[in-house]
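Structure file start_22.txt; described as compact mmCIF, C-alpha atoms and all ligand atoms.
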# COMPACT_ATOMS: atom_id res chain seq x y z
CA MET A 215 45.59 82.75 -40.23
CA SER A 216 46.98 82.71 -36.72
CA ASN A 217 44.89 81.52 -33.83
CA PRO A 218 45.69 83.25 -30.55
CA PHE A 219 44.16 80.35 -28.64
CA ALA A 220 46.25 77.66 -30.31
CA ALA A 221 49.08 77.76 -27.77
CA PRO A 222 49.25 74.86 -25.31
CA MET A 223 47.06 75.61 -22.31
CA SER A 224 48.66 73.18 -19.85
CA SER A 225 50.99 75.74 -18.34
CA GLY A 226 50.77 74.73 -14.70
CA PRO A 227 48.77 73.21 -11.91
CA SER A 228 46.72 76.34 -11.17
CA GLY A 229 43.00 75.78 -11.64
CA GLY A 230 43.46 72.04 -12.08
CA VAL A 231 43.27 69.18 -9.63
CA GLY A 232 45.88 66.50 -10.06
CA GLY A 233 46.40 67.63 -13.65
CA LEU A 234 43.00 66.20 -14.64
CA LEU A 235 40.79 69.20 -14.55
CA VAL A 236 40.94 72.56 -16.25
CA GLY A 237 37.69 74.47 -16.47
CA GLU A 238 35.30 71.53 -16.12
CA ALA A 239 34.07 71.67 -12.53
CA TRP A 240 33.54 74.22 -9.79
CA SER A 241 32.04 74.42 -6.32
CA ASP A 242 29.09 76.68 -5.56
CA GLY A 243 28.38 76.37 -1.83
CA PRO A 244 27.14 72.79 -1.31
CA LEU A 245 26.67 72.27 -5.07
CA LEU A 246 29.04 70.75 -7.61
CA VAL A 247 28.92 72.70 -10.88
CA THR A 248 30.20 71.03 -14.05
CA ASN A 249 30.12 71.47 -17.80
CA VAL A 250 27.37 69.32 -19.31
CA ILE A 251 30.15 66.96 -20.40
CA ALA A 252 32.83 66.75 -17.72
CA THR A 253 35.61 64.57 -16.36
CA LEU A 254 35.94 65.04 -12.60
CA PRO A 255 39.02 64.70 -10.34
CA ASP A 256 40.43 61.30 -9.50
CA ALA A 257 38.95 61.08 -5.99
CA CYS A 258 35.74 59.57 -4.63
CA VAL A 259 33.02 62.17 -5.15
CA LYS A 260 31.20 60.92 -2.01
CA CYS A 261 34.09 60.93 0.50
CA ASN A 262 37.14 62.52 -1.19
CA GLN A 263 39.25 59.37 -0.61
CA PRO A 264 41.37 57.90 -3.44
CA ALA A 265 39.12 56.47 -6.17
CA GLN A 266 39.39 52.82 -7.17
CA HIS A 267 36.69 53.08 -9.83
CA ARG A 268 35.67 55.48 -12.56
CA VAL A 269 31.98 55.80 -13.45
CA LYS A 270 30.72 57.57 -16.56
CA THR A 271 27.02 58.29 -16.47
CA THR A 272 24.46 60.51 -18.17
CA LEU A 273 21.95 62.11 -15.80
CA GLN A 274 18.74 63.80 -16.91
CA TRP A 275 17.02 66.78 -15.37
CA VAL A 276 13.66 68.44 -16.04
CA PRO A 277 12.13 71.55 -14.42
CA LEU A 278 9.89 71.02 -11.40
CA TRP A 279 6.72 71.94 -13.32
CA VAL A 280 7.37 69.06 -15.72
CA ARG A 281 7.61 66.65 -12.78
CA LEU A 282 4.47 68.12 -11.21
CA SER A 283 2.57 67.51 -14.46
CA LEU A 284 2.61 63.83 -13.42
CA LEU A 285 -0.24 64.73 -11.07
CA LEU A 286 -2.36 65.72 -14.08
CA SER A 287 -1.41 62.97 -16.49
CA PRO A 288 1.44 60.43 -16.61
CA LEU A 289 1.32 60.49 -20.43
CA MET A 290 1.55 64.28 -20.56
CA MET A 291 4.48 64.18 -18.14
CA LEU A 292 6.26 61.62 -20.32
CA VAL A 293 5.85 63.82 -23.42
CA LEU A 294 6.99 66.96 -21.55
CA TYR A 295 9.91 65.00 -20.06
CA LEU A 296 11.09 63.95 -23.50
CA ILE A 297 10.82 67.56 -24.77
CA PHE A 298 12.34 69.41 -21.81
CA ARG A 299 14.89 66.98 -20.37
CA ARG A 300 18.47 68.18 -20.22
CA PRO A 301 21.27 65.64 -20.06
CA ALA A 302 24.71 65.93 -18.47
CA THR A 303 27.43 63.31 -18.89
CA VAL A 304 29.91 63.16 -16.04
CA ASP A 305 32.89 60.88 -15.52
CA PHE A 306 33.71 60.68 -11.79
CA GLY A 307 35.64 58.59 -9.29
CA LEU A 308 34.31 56.34 -6.52
CA CYS A 309 36.10 54.47 -3.74
CA GLU A 310 35.51 50.74 -3.24
CA GLU A 311 32.85 51.29 -0.57
CA HIS A 312 30.80 53.88 -2.44
CA PHE A 313 31.10 51.93 -5.69
CA ARG A 314 29.66 48.89 -3.85
CA GLN A 315 26.83 50.97 -2.33
CA ARG A 316 25.95 52.30 -5.79
CA ASN A 317 25.75 48.78 -7.23
CA VAL A 318 23.64 47.45 -4.34
CA ALA A 319 21.19 50.35 -4.76
CA ARG A 320 21.01 49.77 -8.51
CA VAL A 321 20.20 46.08 -8.09
CA ALA A 322 17.77 46.60 -5.18
CA GLY A 323 16.05 49.47 -6.99
CA GLY A 324 15.79 47.50 -10.23
CA VAL A 325 14.32 44.45 -8.48
CA SER A 326 11.86 46.62 -6.56
CA LEU A 327 10.76 48.38 -9.76
CA GLY A 328 10.28 45.00 -11.49
CA VAL A 329 8.27 43.56 -8.58
CA GLY A 330 6.16 46.74 -8.49
CA VAL A 331 5.32 46.53 -12.19
CA VAL A 332 4.41 42.83 -11.93
CA LEU A 333 2.16 43.36 -8.87
CA LEU A 334 0.51 46.48 -10.26
CA PHE A 335 -0.31 45.11 -13.70
CA GLY A 336 -0.86 41.56 -12.44
CA GLY A 337 -3.37 42.84 -9.91
CA PHE A 338 -5.02 45.00 -12.58
CA LEU A 339 -5.33 42.14 -15.09
CA ALA A 340 -6.61 39.67 -12.47
CA ILE A 341 -8.94 42.13 -10.78
CA ASP A 342 -12.05 40.03 -11.56
CA ALA A 343 -10.62 36.80 -10.16
CA LEU A 344 -8.87 38.29 -7.14
CA GLU A 345 -11.30 41.08 -6.22
CA GLY A 346 -10.10 42.62 -2.93
CA TRP A 347 -6.76 40.86 -3.14
CA ALA A 348 -6.10 42.56 -6.47
CA LEU A 349 -6.29 45.96 -4.78
CA ALA A 350 -3.86 44.78 -2.11
CA PHE A 351 -1.45 43.52 -4.79
CA MET A 352 -1.73 46.81 -6.65
CA GLY A 353 -1.18 48.79 -3.45
CA VAL A 354 1.97 46.83 -2.63
CA GLY A 355 3.01 47.20 -6.26
CA ILE A 356 2.72 50.98 -6.08
CA VAL A 357 4.78 51.04 -2.87
CA ALA A 358 7.43 48.83 -4.51
CA LEU A 359 7.48 51.08 -7.58
CA LEU A 360 7.93 54.21 -5.47
CA GLY A 361 10.56 52.53 -3.28
CA GLY A 362 12.44 51.33 -6.35
CA ALA A 363 12.29 54.75 -7.96
CA ILE A 364 13.60 56.39 -4.78
CA ALA A 365 16.38 53.79 -4.45
CA VAL A 366 17.45 54.32 -8.06
CA GLY A 367 17.06 58.10 -7.97
CA ARG A 368 18.58 58.81 -4.55
CA PHE A 369 21.12 56.09 -3.88
CA ALA A 370 22.09 54.49 -7.18
CA SER A 371 23.41 57.79 -8.46
CA PRO A 372 26.03 59.38 -6.17
CA LEU A 373 25.28 62.76 -7.75
CA SER A 374 21.75 64.15 -8.09
CA PRO A 375 21.16 66.96 -10.60
CA SER A 376 19.49 69.99 -9.04
CA GLU A 377 19.56 71.96 -12.30
CA ILE A 378 20.96 71.46 -15.81
CA ASP A 379 20.98 74.08 -18.54
CA ARG A 380 22.56 74.09 -22.00
CA GLU A 381 26.09 74.61 -20.68
CA HIS A 382 26.33 73.67 -17.04
CA ALA A 383 24.98 71.17 -14.56
CA ARG A 384 24.56 71.55 -10.79
CA PHE A 385 24.61 68.52 -8.53
CA THR A 386 24.00 67.72 -4.90
CA GLY A 387 25.75 64.77 -3.26
CA ALA A 388 29.44 65.69 -3.51
CA HIS A 389 31.50 65.61 -0.30
CA VAL A 390 32.42 68.97 1.23
CA ASP A 391 36.17 68.18 1.11
CA TYR A 392 35.84 67.17 -2.53
CA LEU A 393 34.12 70.48 -3.31
CA ALA A 394 36.92 72.32 -1.46
CA ARG A 395 39.42 71.03 -4.06
CA LEU A 396 37.52 72.75 -6.87
CA PRO A 397 37.74 76.39 -7.93
CA PRO A 398 34.73 78.45 -6.79
CA TRP A 399 32.01 79.11 -9.35
CA ASP A 400 32.16 82.75 -10.42
CA ARG A 401 28.84 82.99 -12.32
CA ARG A 402 30.27 83.81 -15.71
ZN ZN A 501 33.97 57.03 -1.17
Represent the structure from my file as structure tokens, please.
Ligand SMILES: [Zn+2]
Amino acid sequence: MSNPFAAPMSSGPSGGVGGLLVGEAWSDGPLLVTNVIATLPDACVKCNQPAQHRVKTTLQWVPLWVRLSLLLSPLMMLVLYLIFRRPATVDFGLCEEHFRQRNVARVAGGVSLGVGVVLLFGGFLAIDALEGWALAFMGVGIVALLGGAIAVGRFASPLSPSEIDREHARFTGAHVDYLARLPPWDRR
């Protein structure tokens, strides 16, 4: 049985960037659109300069209503998150500077999250002994937790998912010149 799609597809540079990319990423205005598993061009996604590092990461996205359910119940949000999360795995390039910034944000965010957890639960457990101080510890802990979450969510990941469905992911954070290298999204 002959397969009409079996012929080699690598017929030329059209639609690809540096020979790396055929049908894996597009630009849609300020958004980067990718397949849910994608290898991106060999340039820094944040500044479009030559990439010294490759980063492969899986990012999760859930609809806004799932995130808002946190206001009702953290446990309910966790369950909904696990049910409705959509992952996308992207392999992208970073220059030396943006790779360093990513690592600093990851470490700072991780430390801040850890300090927040210790202060929050430490204050909660010692609430009888510390009284008013326990509330202060817990307040600082909550601020550290939020700061850590923002550092990890906003800065540790160069790309932030704005929507992920079964086939495609949309990200903010890519440089405008980087997006200009990609074919425009045609809403197939
Ligand atoms: Zn860069």
Worksheet entry | For stretch 387-393 of chain A: contacts at 12 Å, all atoms listed in the file, fewer than 5 positions along chain excluded, given as JSON, numbers by chain | {"A": [231, 239, 240, 241, 242, 243, 244, 245, 246, 247, 248, 254, 255, 256, 257, 258, 259, 260, 261, 262, 263, 264, 265, 306, 307, 308, 312, 367, 368, 369, 370, 371, 372, 373, 374, 375, 376, 398, 399]}
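Nearest residue to ligand ZN 501 (chain A), choosing from A:Arg299, A:Arg401, A:Arg380, A:Arg314 and counting all atoms listed in the file: A:Arg314.
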Quick one: 3 Å padding each side, axis-aligned, all listed atoms of stretch 372-380 of chain A - centre and edge lengths in Å to one decimal, as AutoDock Vina command-line options?
--center_x 22.8 --center_y 66.7 --center_z -14.1 --size_x 12.5 --size_y 20.7 --size_z 21.8
Fill in: Long-range neighbours of A:Val329 as a PyMOL selection string, 8 Å cut-off, all atoms listed in the file, 5 positions minimum in chain
chain A and resi 355+358-359
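Picture a line from atom CA of A:Arg384 to atom CA of A:Arg320; it runs 22.2 Å.
Checking A:Thr303, A:Ser326, A:Gln266, A:Ser283 one by one against A:Glu238, counting all atoms listed in the file, you find the shortest gap at A:Thr303.
Closest approach to ligand ZN 501 (chain A) among A:Phe351, A:Leu333, A:Glu311, A:Asn317: A:Glu311, based on only C-alpha atoms and all ligand atoms.
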Discussion item. Just the number, please: distance in Å from atom CA of A:Gly361 to atom CA of A:Ala322, one decimal.
Written reply: 9.5 Å
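Nearest-residue note for A:Val318: choosing from A:Ala365, A:Val280, A:Gly346, A:Ala340, the minimum distance belongs to A:Ala365, counting only C-alpha atoms.
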Worksheet item: Between A:Ala363, A:Ala252, A:Val354, A:Cys309, which one has atoms that come closest to ligand ZN 501 (chain A), using all atoms listed in the file?
Response: A:Cys309
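Note that atom CA of A:Leu296 and atom CA of A:Leu278 are 14.1 Å apart.
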Discussion item. Under the rule that only C-alpha atoms are counted, which of A:Pro277, A:Pro301, A:Gly353, A:Pro288 is the nearest residue to A:Ala383?
Written reply: A:Pro301
